[in-house]
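Shown next, in structure tokens, is the structure this report addresses.
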Amino acid sequence: MKTLLRRHEAYVLLIIIVVSIIITAVNPSFFSLENLFDLLKSMSLMGVFAIGMLFVLISGGIDLSFTAIATVSGYAVALALLRYGDSLNIFVIFLLAGAIGILLGAFNAAIIYFFRIPSIITTIATSNVFYGILTVLSEGKWLYGFPTWFGDFANIRLFTLYSPAGNPYGLSIVTVIWLALVLLAWFILRYTVLGRSIYAMGGSPSSAERAGFNLLRLNLFVYAFIGLMAGFGSVIQALLVQTVAPNSLVGKEMDVIAAVVLGGASLAGGTGSIMGTVLGVALITLLGNGLTLMHVPSQWYDVVIGLVILVSVGVSAYRMRKNIQRRVITETA
Amino acid sequence: MAEPFIRLRNVSKHYAGVTALNNVDFTIDQGEIHCLAGENGSGKSTMIKIISGIVPPDPGSTIEIEGQPVHHHHAIDAIDKGIQVIYQDLSLFPNLTVAENIALGQMVAGHVRLVDWKELRRVAEAAMARINVRLPLDSAVGEISIADQQLVAICRALTRGVKLLIMDEPTASLTKKEVDSLLAVVQDMKSKGIATMFVSHKLDEVLAVADRVSVIRDGQMVGVYNGSELNDETLTMLMTGRKVEYSRFVPQADMTAGPVLECRNISRQSEYEDISFCLRPGEILGLTGLLGSGRTELALSLFGVSQPDRGEIRVEGQPVKINSVQDAARLGIGYVPENRLTQGLINVQPVSSNLIVTTLQKLVNRFRLFDQAKVKSAISRWVSELAIKIPSTESPVQTLSGGNQQRVVLAKWIATDPKVLILDGPTIGIDVAAKHSIHEIIRDLANKGIAILLISEEVPEVYNNCNRVLVMHKGRIVQEFNTGACTPEDIQLCISSRN
């Protein structure tokens, strides 16, 4: 399985390289440091969401409510910014958004665990509840006009370079936040008993129960974690566009799931890696960026993304089936 | 004589008025190899559950572990006292490595937070060293053989300080050779003072190493015997309470009739090689050989799951291409798979739906909608014809015993009115009495003129039911026996001499 995954990640990397070459051939401006940092910045939002989704998929579940959670926490953050503005700082903002995310995620986990409702059904329902309540209360109003410090924070760069035209660019703070979360997630999945237990639960929930794993605790962690990522994502979104709209994130669920699955996670649970997820996010972002640079009408974006997912998931499902067939034949019992 | 490791006195268990165990006394000594033998439904599983603390016994029962009476015996207490159960499904994590499967449980139980990968490998290697086995530490458990998976489960138990290892049906899915190496491991554990309790209804291999055998029937302890004083036959009698005649049956096939199924030199890369045989109506042809000899692969090709690369298959004299299961069904070929739970039944669905699933087309009225009267009569016909014992036709098949499940699978294919029926391991994992009645059903079918290919690892099964037996080895048919002119030992010898 491990070698299979490694191979999967290598394939994704290969596709990224091929796609990059094609885009560069059509539009050489793609191949520049400036565009690279731009891409890294624009994939950060999806990247943060994808970390959370990876955890849920490994655990054997799915969460379709994270965009609704992000919308709720984003709205709360915006209201706080507008009312208390200058007395707040970025840490309080992340804390507030994260806390709301954890709370709503834990609510999902409790329902999934105690009522044994499949996670897909639960989160479709809670997504409607979260999002519906917000729409009623907000009346769909857009929020903007945040304090200047909030706009300034978004423009922080770790280092600054200048393009020939004189435009400044560099490694954005937003990208740094994403990469820090990637490191954290990698550490949890690889070096904590909690992380390994999530893989174990995804591989076989009944074995996990018999081996004395606390499934409630694992579920709470996993769904609270994607809630946390949704909360952080909502702040990143607000930083990037300096506006919070109740409908800006809805519909992004599928892109995120697609990126994670593209990176080798299985919807059946038990497999997936942080490296693969980063590559999956990169590929999806790259395709969007590339189509723009190649002047392909934006309507084609969904078609291309859909086809890439079909091929990727199709290939890994085919390999998996071959694998199973071999086993059924050689050791049926 | 030292204190026994565990002693059960007057242990009873009632479930909603049904007596599962009735005043059972039972002991296992330190480091003993003990078999608990009984048919399905005899109370074996209840015994396991009580000893491992999953269900409490009725009040008035006493349990002593190492001389100390235990009162609130919960699963976690049982594990703390050194009792571990390896269930038939092994309860492993297929997606994790061997090393993790062995060591992760211990880490979770010890409230360890961070994974030290070196330490994890060390724990796994230490456990393997204790029973002298070598397993690939970094392979995913889902990719190693069932026998190796079982060793992983044993190693995992060792990391938790096991003193009594309970193994539920450990040999059901192993080959002869694998059973032998498992028994060697168990004897090795015995030398280290670890007791093993085998729970099974198929004990012939295990009898050789058992110190004592307890036989349980209908919730009552029948008796405790020395392993050496029992053989397969006496044990069967003790378990069932009656003598089961293993009669021989010679199918009365007309050997001059044209074959209904004929294979001419069919081969499939790395599966089977140059297979030729013919099968006549009313005949039961046995196909035996070790696990991995190619017998199941061959069956899958006859049923259209895979296709031979070369050679020709003929049905009633006509050359045919069987490209799919639908093709096979159209040609009148039915297949009862080896693993009925994953391949033959829709587990959560009721018996009724499972029975009619192959014949839906015949049960409709002229508007192509289900004719409820036809459906009902079809279901009740098969339930009574195969004597399927069920509380209701709406019970999910997963709640039935192995024997009854197998009858449902059989009925489902017999309902299609097949000309050829391929039975792959039709009595694996079902108890002696049920086995006997499955054989009766098979013989009946042959008498009705259905041609049957009976694939089985058990030589007595093919010997007693077939007129001819083919032995496969490494993908080839190595010998054909006429059961009228040979003994079971001849066939056994042919199989084992090539191993």
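Residues are referred to by chain and number: the chain letter is A, B, ... according to the order shown in the structure tokens, the number counts from 1 in that chain, and ligands are numbered separately from 1 in the order shown.
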
Under the rule of at most 9 Å, produce a per-residue listing of stretch 282-335 of chain B near stretch 419-422 of chain B: chain, number, name, the closest pair of atoms, and the distance in Å, as CSV, using only C-alpha atoms.
residue,atom,partner,partner_atom,distance
B:Ala299,CA,B:Ile422,CA,7.1
B:Leu302,CA,B:Ile422,CA,8.6
B:Phe303,CA,B:Ile422,CA,8.3
B:Leu331,CA,B:Lys419,CA,8.1
B:Gly332,CA,B:Lys419,CA,5.1
B:Ile333,CA,B:Val420,CA,4.8
B:Gly334,CA,B:Leu421,CA,4.7
B:Tyr335,CA,B:Ile422,CA,4.6

I need the residues from that last selection saved to file as a PDB file, in the first residue's frame (with all heavy atoms), if you can.
ATOM      1  N   ALA B 299     -12.286 -22.502 -11.959  1.00  0.00           N
ATOM      2  CA  ALA B 299     -13.727 -22.342 -11.775  1.00  0.00           C
ATOM      3  C   ALA B 299     -14.176 -20.958 -12.226  1.00  0.00           C
ATOM      4  O   ALA B 299     -15.209 -20.819 -12.884  1.00  0.00           O
ATOM      5  CB  ALA B 299     -14.092 -22.563 -10.308  1.00  0.00           C
ATOM      6  N   LEU B 302     -14.636 -20.848 -15.890  1.00  0.00           N
ATOM      7  CA  LEU B 302     -15.825 -21.566 -16.362  1.00  0.00           C
ATOM      8  C   LEU B 302     -17.076 -20.725 -16.123  1.00  0.00           C
ATOM      9  O   LEU B 302     -18.099 -20.907 -16.764  1.00  0.00           O
ATOM     10  CB  LEU B 302     -15.963 -22.907 -15.647  1.00  0.00           C
ATOM     11  CG  LEU B 302     -14.848 -23.908 -15.923  1.00  0.00           C
ATOM     12  CD1 LEU B 302     -15.050 -25.180 -15.115  1.00  0.00           C
ATOM     13  CD2 LEU B 302     -14.788 -24.238 -17.405  1.00  0.00           C
ATOM     14  N   PHE B 303     -16.972 -19.802 -15.158  1.00  0.00           N
ATOM     15  CA  PHE B 303     -18.133 -18.989 -14.817  1.00  0.00           C
ATOM     16  C   PHE B 303     -18.050 -17.597 -15.446  1.00  0.00           C
ATOM     17  O   PHE B 303     -18.837 -16.718 -15.151  1.00  0.00           O
ATOM     18  CB  PHE B 303     -18.241 -18.887 -13.285  1.00  0.00           C
ATOM     19  CG  PHE B 303     -19.548 -18.313 -12.818  1.00  0.00           C
ATOM     20  CD1 PHE B 303     -20.755 -18.848 -13.258  1.00  0.00           C
ATOM     21  CD2 PHE B 303     -19.586 -17.250 -11.945  1.00  0.00           C
ATOM     22  CE1 PHE B 303     -21.965 -18.325 -12.832  1.00  0.00           C
ATOM     23  CE2 PHE B 303     -20.787 -16.718 -11.506  1.00  0.00           C
ATOM     24  CZ  PHE B 303     -21.977 -17.268 -11.954  1.00  0.00           C
ATOM     25  N   LEU B 331     -25.859 -19.855 -20.396  1.00  0.00           N
ATOM     26  CA  LEU B 331     -25.510 -21.203 -20.850  1.00  0.00           C
ATOM     27  C   LEU B 331     -25.914 -22.270 -19.833  1.00  0.00           C
ATOM     28  O   LEU B 331     -25.705 -23.447 -20.056  1.00  0.00           O
ATOM     29  CB  LEU B 331     -23.998 -21.288 -21.101  1.00  0.00           C
ATOM     30  CG  LEU B 331     -23.492 -20.483 -22.299  1.00  0.00           C
ATOM     31  CD1 LEU B 331     -21.981 -20.342 -22.241  1.00  0.00           C
ATOM     32  CD2 LEU B 331     -23.930 -21.130 -23.601  1.00  0.00           C
ATOM     33  N   GLY B 332     -26.454 -21.836 -18.706  1.00  0.00           N
ATOM     34  CA  GLY B 332     -26.904 -22.806 -17.719  1.00  0.00           C
ATOM     35  C   GLY B 332     -25.821 -23.230 -16.743  1.00  0.00           C
ATOM     36  O   GLY B 332     -25.865 -24.338 -16.206  1.00  0.00           O
ATOM     37  N   ILE B 333     -24.843 -22.346 -16.522  1.00  0.00           N
ATOM     38  CA  ILE B 333     -23.795 -22.680 -15.568  1.00  0.00           C
ATOM     39  C   ILE B 333     -23.999 -21.857 -14.302  1.00  0.00           C
ATOM     40  O   ILE B 333     -24.135 -20.636 -14.360  1.00  0.00           O
ATOM     41  CB  ILE B 333     -22.396 -22.376 -16.157  1.00  0.00           C
ATOM     42  CG1 ILE B 333     -22.193 -23.197 -17.434  1.00  0.00           C
ATOM     43  CG2 ILE B 333     -21.295 -22.675 -15.142  1.00  0.00           C
ATOM     44  CD1 ILE B 333     -20.924 -22.842 -18.189  1.00  0.00           C
ATOM     45  N   GLY B 334     -24.055 -22.524 -13.165  1.00  0.00           N
ATOM     46  CA  GLY B 334     -24.200 -21.830 -11.885  1.00  0.00           C
ATOM     47  C   GLY B 334     -22.934 -22.002 -11.076  1.00  0.00           C
ATOM     48  O   GLY B 334     -22.225 -22.995 -11.229  1.00  0.00           O
ATOM     49  N   TYR B 335     -22.639 -21.049 -10.223  1.00  0.00           N
ATOM     50  CA  TYR B 335     -21.383 -21.107  -9.453  1.00  0.00           C
ATOM     51  C   TYR B 335     -21.652 -20.709  -8.012  1.00  0.00           C
ATOM     52  O   TYR B 335     -22.184 -19.643  -7.733  1.00  0.00           O
ATOM     53  CB  TYR B 335     -20.371 -20.144 -10.076  1.00  0.00           C
ATOM     54  CG  TYR B 335     -19.070 -20.000  -9.320  1.00  0.00           C
ATOM     55  CD1 TYR B 335     -18.232 -21.096  -9.117  1.00  0.00           C
ATOM     56  CD2 TYR B 335     -18.677 -18.765  -8.809  1.00  0.00           C
ATOM     57  CE1 TYR B 335     -17.030 -20.949  -8.433  1.00  0.00           C
ATOM     58  CE2 TYR B 335     -17.468 -18.621  -8.135  1.00  0.00           C
ATOM     59  CZ  TYR B 335     -16.650 -19.717  -7.948  1.00  0.00           C
ATOM     60  OH  TYR B 335     -15.471 -19.573  -7.280  1.00  0.00           O
TER      61      TYR B 335
END

ask   = Within 9 Å of B:Pro281, counting only C-alpha atoms, which residues qualify if same-chain residues fewer than 2 places away don't, as a PyMOL selection string?
value = chain B and resi 253-255+257-261+279+283-284+419-420+446+448-452

Selected residues written out, all heavy atoms, as a compact mmCIF listing (two decimals), in the first residue's frame:
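Generated file (part17.txt):
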# COMPACT_ATOMS: atom_id res chain seq x y z
N ALA B 253 -24.44 -41.64 -13.27
CA ALA B 253 -24.45 -40.90 -14.52
C ALA B 253 -24.31 -41.87 -15.69
O ALA B 253 -23.66 -42.89 -15.57
CB ALA B 253 -23.30 -39.90 -14.54
N ASP B 254 -24.94 -41.49 -16.78
CA ASP B 254 -24.81 -42.28 -18.00
C ASP B 254 -23.51 -41.85 -18.69
O ASP B 254 -23.44 -40.79 -19.29
CB ASP B 254 -26.02 -42.02 -18.89
CG ASP B 254 -25.89 -42.76 -20.22
OD1 ASP B 254 -24.90 -43.51 -20.37
OD2 ASP B 254 -26.77 -42.57 -21.07
N MET B 255 -22.50 -42.70 -18.54
CA MET B 255 -21.18 -42.30 -19.02
C MET B 255 -21.08 -42.33 -20.55
O MET B 255 -20.06 -41.96 -21.11
CB MET B 255 -20.08 -43.15 -18.40
CG MET B 255 -19.99 -43.01 -16.89
SD MET B 255 -19.88 -41.30 -16.30
CE MET B 255 -18.16 -40.97 -16.59
N ALA B 257 -23.45 -40.80 -22.36
CA ALA B 257 -24.12 -39.58 -22.83
C ALA B 257 -23.07 -38.54 -23.22
O ALA B 257 -21.94 -38.58 -22.75
CB ALA B 257 -25.01 -39.02 -21.73
N GLY B 258 -23.46 -37.61 -24.08
CA GLY B 258 -22.53 -36.54 -24.47
C GLY B 258 -22.26 -35.63 -23.28
O GLY B 258 -23.15 -35.42 -22.46
N PRO B 259 -21.05 -35.13 -23.19
CA PRO B 259 -20.75 -34.25 -22.06
C PRO B 259 -21.52 -32.94 -22.15
O PRO B 259 -21.72 -32.43 -23.26
CB PRO B 259 -19.24 -34.01 -22.17
CG PRO B 259 -18.88 -34.37 -23.56
CD PRO B 259 -19.91 -35.34 -24.07
N VAL B 260 -21.96 -32.43 -21.00
CA VAL B 260 -22.65 -31.15 -21.01
C VAL B 260 -21.62 -30.02 -20.98
O VAL B 260 -21.81 -28.96 -21.55
CB VAL B 260 -23.68 -31.09 -19.86
CG1 VAL B 260 -23.02 -31.33 -18.52
CG2 VAL B 260 -24.40 -29.76 -19.85
N LEU B 261 -20.50 -30.27 -20.30
CA LEU B 261 -19.44 -29.27 -20.27
C LEU B 261 -18.13 -29.98 -20.61
O LEU B 261 -17.85 -31.05 -20.10
CB LEU B 261 -19.34 -28.65 -18.88
CG LEU B 261 -18.21 -27.63 -18.68
CD1 LEU B 261 -18.53 -26.34 -19.40
CD2 LEU B 261 -17.99 -27.36 -17.20
N LEU B 279 -17.63 -33.32 -18.45
CA LEU B 279 -18.57 -33.48 -17.35
C LEU B 279 -19.92 -33.85 -17.96
O LEU B 279 -20.41 -33.16 -18.84
CB LEU B 279 -18.66 -32.14 -16.61
CG LEU B 279 -19.49 -32.02 -15.35
CD1 LEU B 279 -19.00 -33.01 -14.30
CD2 LEU B 279 -19.38 -30.60 -14.81
N GLU B 283 -23.44 -36.35 -13.31
CA GLU B 283 -22.17 -36.76 -12.76
C GLU B 283 -21.71 -35.75 -11.69
O GLU B 283 -22.02 -34.56 -11.77
CB GLU B 283 -21.14 -36.78 -13.89
CG GLU B 283 -19.82 -37.38 -13.49
CD GLU B 283 -18.82 -37.37 -14.65
OE1 GLU B 283 -18.98 -36.59 -15.61
OE2 GLU B 283 -17.86 -38.15 -14.58
N ILE B 284 -20.99 -36.25 -10.68
CA ILE B 284 -20.34 -35.32 -9.76
C ILE B 284 -18.84 -35.54 -9.92
O ILE B 284 -18.31 -36.60 -9.62
CB ILE B 284 -20.73 -35.56 -8.28
CG1 ILE B 284 -22.25 -35.55 -8.11
CG2 ILE B 284 -20.10 -34.49 -7.40
CD1 ILE B 284 -22.71 -35.75 -6.67
N LYS B 419 -27.68 -26.41 -15.86
CA LYS B 419 -27.26 -27.71 -16.37
C LYS B 419 -25.98 -28.13 -15.67
O LYS B 419 -25.72 -29.31 -15.49
CB LYS B 419 -27.00 -27.63 -17.87
CG LYS B 419 -28.21 -27.26 -18.67
CD LYS B 419 -27.86 -27.27 -20.16
CE LYS B 419 -28.88 -26.49 -20.96
NZ LYS B 419 -28.37 -25.20 -21.44
N VAL B 420 -25.18 -27.12 -15.35
CA VAL B 420 -23.92 -27.38 -14.68
C VAL B 420 -23.85 -26.52 -13.42
O VAL B 420 -24.18 -25.34 -13.47
CB VAL B 420 -22.72 -26.99 -15.59
CG1 VAL B 420 -21.40 -27.22 -14.87
CG2 VAL B 420 -22.78 -27.77 -16.89
N ALA B 446 -27.64 -34.24 -8.41
CA ALA B 446 -27.03 -35.12 -9.41
C ALA B 446 -28.06 -36.12 -9.91
O ALA B 446 -28.15 -36.40 -11.10
CB ALA B 446 -25.82 -35.81 -8.82
N LYS B 448 -31.05 -35.65 -10.25
CA LYS B 448 -31.98 -34.98 -11.16
C LYS B 448 -31.32 -34.68 -12.50
O LYS B 448 -31.91 -34.02 -13.35
CB LYS B 448 -32.46 -33.66 -10.54
CG LYS B 448 -33.49 -33.88 -9.45
CD LYS B 448 -33.92 -32.56 -8.84
CE LYS B 448 -34.77 -32.79 -7.62
NZ LYS B 448 -34.62 -31.70 -6.65
N GLY B 449 -30.06 -35.07 -12.65
CA GLY B 449 -29.41 -34.91 -13.95
C GLY B 449 -28.56 -33.67 -14.10
O GLY B 449 -28.08 -33.37 -15.19
N ILE B 450 -28.37 -32.92 -13.01
CA ILE B 450 -27.49 -31.76 -13.10
C ILE B 450 -26.05 -32.26 -13.02
O ILE B 450 -25.73 -33.15 -12.24
CB ILE B 450 -27.79 -30.77 -11.96
CG1 ILE B 450 -29.21 -30.23 -12.10
CG2 ILE B 450 -26.77 -29.64 -11.93
CD1 ILE B 450 -29.65 -29.33 -10.99
N ALA B 451 -25.19 -31.69 -13.86
CA ALA B 451 -23.77 -32.04 -13.80
C ALA B 451 -23.10 -31.16 -12.77
O ALA B 451 -23.30 -29.95 -12.78
CB ALA B 451 -23.14 -31.84 -15.16
N ILE B 452 -22.34 -31.77 -11.87
CA ILE B 452 -21.78 -30.99 -10.77
C ILE B 452 -20.26 -31.10 -10.75
O ILE B 452 -19.69 -32.19 -10.85
CB ILE B 452 -22.38 -31.44 -9.43
CG1 ILE B 452 -23.86 -31.07 -9.40
CG2 ILE B 452 -21.64 -30.80 -8.26
CD1 ILE B 452 -24.63 -31.64 -8.28

task = Give me, as a PyMOL selection string, the contact residues of chain B against chain A at a cut-off of 10 Å, counting only C-alpha atoms.
result = chain B and resi 75-76+85+87+89-97+100-101+104-109+111-117+138-147+172-175+271+291-297+300+337-340+425+428-429

task = Name all residues at most 10 Å from A:Gln237 (count only C-alpha atoms; drop same-chain ones fewer than 4 positions away) and give them as a PyMOL selection string.
result = chain A and resi 42+44-46+70-71+74+174+231-233+241-244+248-249

Neighbour list for stretch 473-481 of chain B as a PDB file with C-alpha atoms, in the first residue's frame, cut-off 7 Å, only C-alpha atoms, skip fewer than 2 positions in-chain:
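Output saved as selection-v4.pdb:
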ATOM      1  CA  GLU B 271      -3.161 -19.553 -13.334  1.00  0.00           C
ATOM      2  CA  TYR B 272      -3.761 -22.906 -15.003  1.00  0.00           C
ATOM      3  CA  GLU B 273      -2.224 -24.852 -17.817  1.00  0.00           C
ATOM      4  CA  ASP B 274      -3.557 -27.273 -20.417  1.00  0.00           C
ATOM      5  CA  ILE B 275      -6.750 -28.340 -18.623  1.00  0.00           C
ATOM      6  CA  GLY B 289      -5.627 -29.843  -4.751  1.00  0.00           C
ATOM      7  CA  SER B 293      -3.198 -25.074  -7.116  1.00  0.00           C
ATOM      8  CA  GLY B 294      -5.363 -23.230  -9.619  1.00  0.00           C
ATOM      9  CA  ARG B 468     -14.237 -39.210 -10.620  1.00  0.00           C
ATOM     10  CA  VAL B 469     -11.714 -36.950  -8.918  1.00  0.00           C
ATOM     11  CA  LEU B 470      -9.172 -34.689 -10.613  1.00  0.00           C
ATOM     12  CA  VAL B 471      -6.123 -33.604  -8.658  1.00  0.00           C
ATOM     13  CA  THR B 483     -13.308 -43.385  -6.886  1.00  0.00           C
ATOM     14  CA  CYS B 486      -9.050 -46.160  -5.294  1.00  0.00           C
TER      15      CYS B 486
END

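Atom to atom, atom CA of B:Asn447 and atom CA of B:Ser384 stand 18.8 Å apart.
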
request  = Enumerate the residues of stretch 170-359 of chain B with a DSSP assignment of strand (DSSP E), computed from the backbone, and present them as a ChimeraX atom specification.
outcome  = /B:195-200,212-217,220-226,261-268,272-279,284-288,310-315,318-320,333-336

inquiry  = as a VMD selection string, please: the residues near stretch 288-304 of chain A (cut-off 8 Å, only C-alpha atoms, same-chain neighbours under 3 positions excluded).
reply    = chain A and resid 20 23 26 to 27 30 39 284 to 285 307 to 308

Please produce an output containing N, CA and C atoms for each residue in the selection, written as a PDB file, in the first residue's frame.
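Resulting contents of out.pdb:
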ATOM      1  N   SER A  20       2.951  21.828 -16.522  1.00  0.00           N
ATOM      2  CA  SER A  20       3.745  23.068 -16.485  1.00  0.00           C
ATOM      3  C   SER A  20       4.453  23.301 -17.811  1.00  0.00           C
ATOM      4  N   ILE A  23       1.900  24.464 -20.419  1.00  0.00           N
ATOM      5  CA  ILE A  23       1.476  25.856 -20.231  1.00  0.00           C
ATOM      6  C   ILE A  23       2.603  26.811 -20.645  1.00  0.00           C
ATOM      7  N   VAL A  26       2.853  27.359 -24.331  1.00  0.00           N
ATOM      8  CA  VAL A  26       1.837  28.237 -24.899  1.00  0.00           C
ATOM      9  C   VAL A  26       2.046  29.681 -24.449  1.00  0.00           C
ATOM     10  N   ASN A  27       2.399  29.842 -23.174  1.00  0.00           N
ATOM     11  CA  ASN A  27       2.568  31.198 -22.647  1.00  0.00           C
ATOM     12  C   ASN A  27       3.776  31.234 -21.714  1.00  0.00           C
ATOM     13  N   PHE A  30       4.249  32.066 -17.836  1.00  0.00           N
ATOM     14  CA  PHE A  30       3.923  31.161 -16.745  1.00  0.00           C
ATOM     15  C   PHE A  30       5.166  30.818 -15.936  1.00  0.00           C
ATOM     16  N   LEU A  39       0.959  31.686  -7.495  1.00  0.00           N
ATOM     17  CA  LEU A  39       0.269  30.405  -7.419  1.00  0.00           C
ATOM     18  C   LEU A  39       0.243  29.897  -5.981  1.00  0.00           C
ATOM     19  N   ILE A 284      -4.580  21.050  -9.102  1.00  0.00           N
ATOM     20  CA  ILE A 284      -5.869  21.689  -9.398  1.00  0.00           C
ATOM     21  C   ILE A 284      -5.680  23.200  -9.610  1.00  0.00           C
ATOM     22  N   THR A 285      -4.884  23.819  -8.729  1.00  0.00           N
ATOM     23  CA  THR A 285      -4.651  25.257  -8.853  1.00  0.00           C
ATOM     24  C   THR A 285      -3.933  25.582 -10.161  1.00  0.00           C
ATOM     25  N   LEU A 307     -12.466  16.038 -15.710  1.00  0.00           N
ATOM     26  CA  LEU A 307     -11.794  14.973 -16.465  1.00  0.00           C
ATOM     27  C   LEU A 307     -10.541  14.492 -15.736  1.00  0.00           C
ATOM     28  N   VAL A 308      -9.772  15.444 -15.197  1.00  0.00           N
ATOM     29  CA  VAL A 308      -8.551  15.052 -14.486  1.00  0.00           C
ATOM     30  C   VAL A 308      -8.884  14.152 -13.301  1.00  0.00           C
TER      31      VAL A 308
END

Contacts of B:Val162 at 12 Å (only C-alpha atoms; same-chain gap of 5+ positions) as a short mmCIF file (atom, residue, chain, number, x, y, z; two decimals) with N, CA and C atoms, in the first residue's frame:
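Printed below is part_27.cif as written:
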data_model
loop_
_atom_site.label_atom_id
_atom_site.label_comp_id
_atom_site.auth_asym_id
_atom_site.auth_seq_id
_atom_site.Cartn_x
_atom_site.Cartn_y
_atom_site.Cartn_z
N PHE B 5 -5.03 -21.72 35.29
CA PHE B 5 -5.03 -20.29 34.96
C PHE B 5 -6.42 -19.70 35.14
N GLN B 30 -2.23 -23.39 33.29
CA GLN B 30 -1.18 -22.51 32.78
C GLN B 30 -0.44 -23.24 31.65
N GLY B 31 -0.26 -22.56 30.56
CA GLY B 31 0.52 -23.13 29.47
C GLY B 31 -0.09 -24.35 28.81
N ALA B 78 -10.16 -8.37 31.54
CA ALA B 78 -9.68 -9.62 30.97
C ALA B 78 -8.35 -9.40 30.27
N ILE B 79 -8.24 -8.30 29.52
CA ILE B 79 -6.98 -8.00 28.82
C ILE B 79 -5.87 -7.76 29.84
N ASP B 80 -6.20 -7.01 30.91
CA ASP B 80 -5.20 -6.75 31.95
C ASP B 80 -4.71 -8.04 32.60
N LYS B 81 -5.59 -9.03 32.71
CA LYS B 81 -5.20 -10.28 33.34
C LYS B 81 -4.54 -11.22 32.35
N GLY B 82 -4.37 -10.79 31.12
CA GLY B 82 -3.61 -11.59 30.16
C GLY B 82 -4.46 -12.47 29.26
N ILE B 83 -5.75 -12.14 29.11
CA ILE B 83 -6.59 -12.93 28.21
C ILE B 83 -6.79 -12.15 26.90
N GLN B 84 -6.43 -12.78 25.80
CA GLN B 84 -6.57 -12.14 24.49
C GLN B 84 -7.34 -13.07 23.57
N VAL B 85 -8.19 -12.48 22.75
CA VAL B 85 -8.95 -13.28 21.80
C VAL B 85 -8.53 -12.91 20.38
N ILE B 86 -8.28 -13.90 19.56
CA ILE B 86 -8.09 -13.63 18.14
C ILE B 86 -9.34 -14.15 17.44
N GLN B 106 -0.64 -1.66 21.88
CA GLN B 106 0.07 -1.51 23.14
C GLN B 106 0.30 -0.02 23.44
N ALA B 127 8.40 -9.23 19.61
CA ALA B 127 7.25 -10.14 19.63
C ALA B 127 7.46 -11.28 18.63
N ALA B 153 -1.55 -11.21 14.32
CA ALA B 153 -2.50 -11.12 15.43
C ALA B 153 -1.92 -11.77 16.69
N ILE B 154 -1.20 -12.88 16.53
CA ILE B 154 -0.58 -13.53 17.69
C ILE B 154 0.50 -12.63 18.27
N CYS B 155 1.32 -12.06 17.42
CA CYS B 155 2.38 -11.16 17.90
C CYS B 155 1.78 -9.98 18.65
N ARG B 156 0.67 -9.47 18.12
CA ARG B 156 0.03 -8.34 18.80
C ARG B 156 -0.41 -8.74 20.21
N ALA B 157 -0.97 -9.95 20.32
CA ALA B 157 -1.39 -10.42 21.64
C ALA B 157 -0.19 -10.53 22.56
N MET B 189 4.74 -21.35 22.20
CA MET B 189 4.19 -20.48 23.24
C MET B 189 3.95 -21.28 24.52
N LYS B 190 3.52 -22.52 24.34
CA LYS B 190 3.29 -23.39 25.49
C LYS B 190 4.58 -23.53 26.29
N LYS B 192 6.69 -21.46 26.71
CA LYS B 192 6.93 -20.21 27.43
C LYS B 192 5.83 -19.94 28.44
N GLY B 193 4.98 -20.92 28.66
CA GLY B 193 3.96 -20.80 29.70
C GLY B 193 2.68 -20.10 29.27
N ILE B 194 2.51 -19.90 27.96
CA ILE B 194 1.29 -19.26 27.49
C ILE B 194 0.27 -20.33 27.08
N ALA B 195 -0.91 -20.24 27.65
CA ALA B 195 -1.95 -21.21 27.32
C ALA B 195 -2.67 -20.79 26.05
N THR B 196 -3.14 -21.77 25.28
CA THR B 196 -3.91 -21.48 24.07
C THR B 196 -5.22 -22.24 24.13
#

request  = Give me, please, the distance in Å between atom CA of A:Phe159 and atom CA of A:Leu171, quoted to one decimal.
outcome  =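 Atom CA of A:Phe159 sits 6.2 Å away from atom CA of A:Leu171.
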
request  = Show which residues sit within 12 Å of B:Lys177, as a ChimeraX atom specification. Count only C-alpha atoms, and ignore same-chain residues fewer than 3 positions away.
outcome  = /B:147,171,173-174,180-184,205,290-291,496,499

request  = Calculate how many Å separate atom CA of B:Ser324 from atom CA of B:Asn265, rounding to one decimal.
outcome  =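 These atoms are spaced 20.2 Å apart.
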
query = Could you pull out the alpha helix (DSSP H) residues of stretch 10-54 of chain B from DSSP and send them as a ChimeraX atom specification?
reply = /B:44-51

request  = Rank B:Leu285, B:Leu135, B:Val55, B:Ala37 by their smallest atom-to-atom distance to B:Gly223, using only C-alpha atoms, and report the top residue only.
outcome  =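 For B:Gly223, the nearest of the given residues is B:Ala37.
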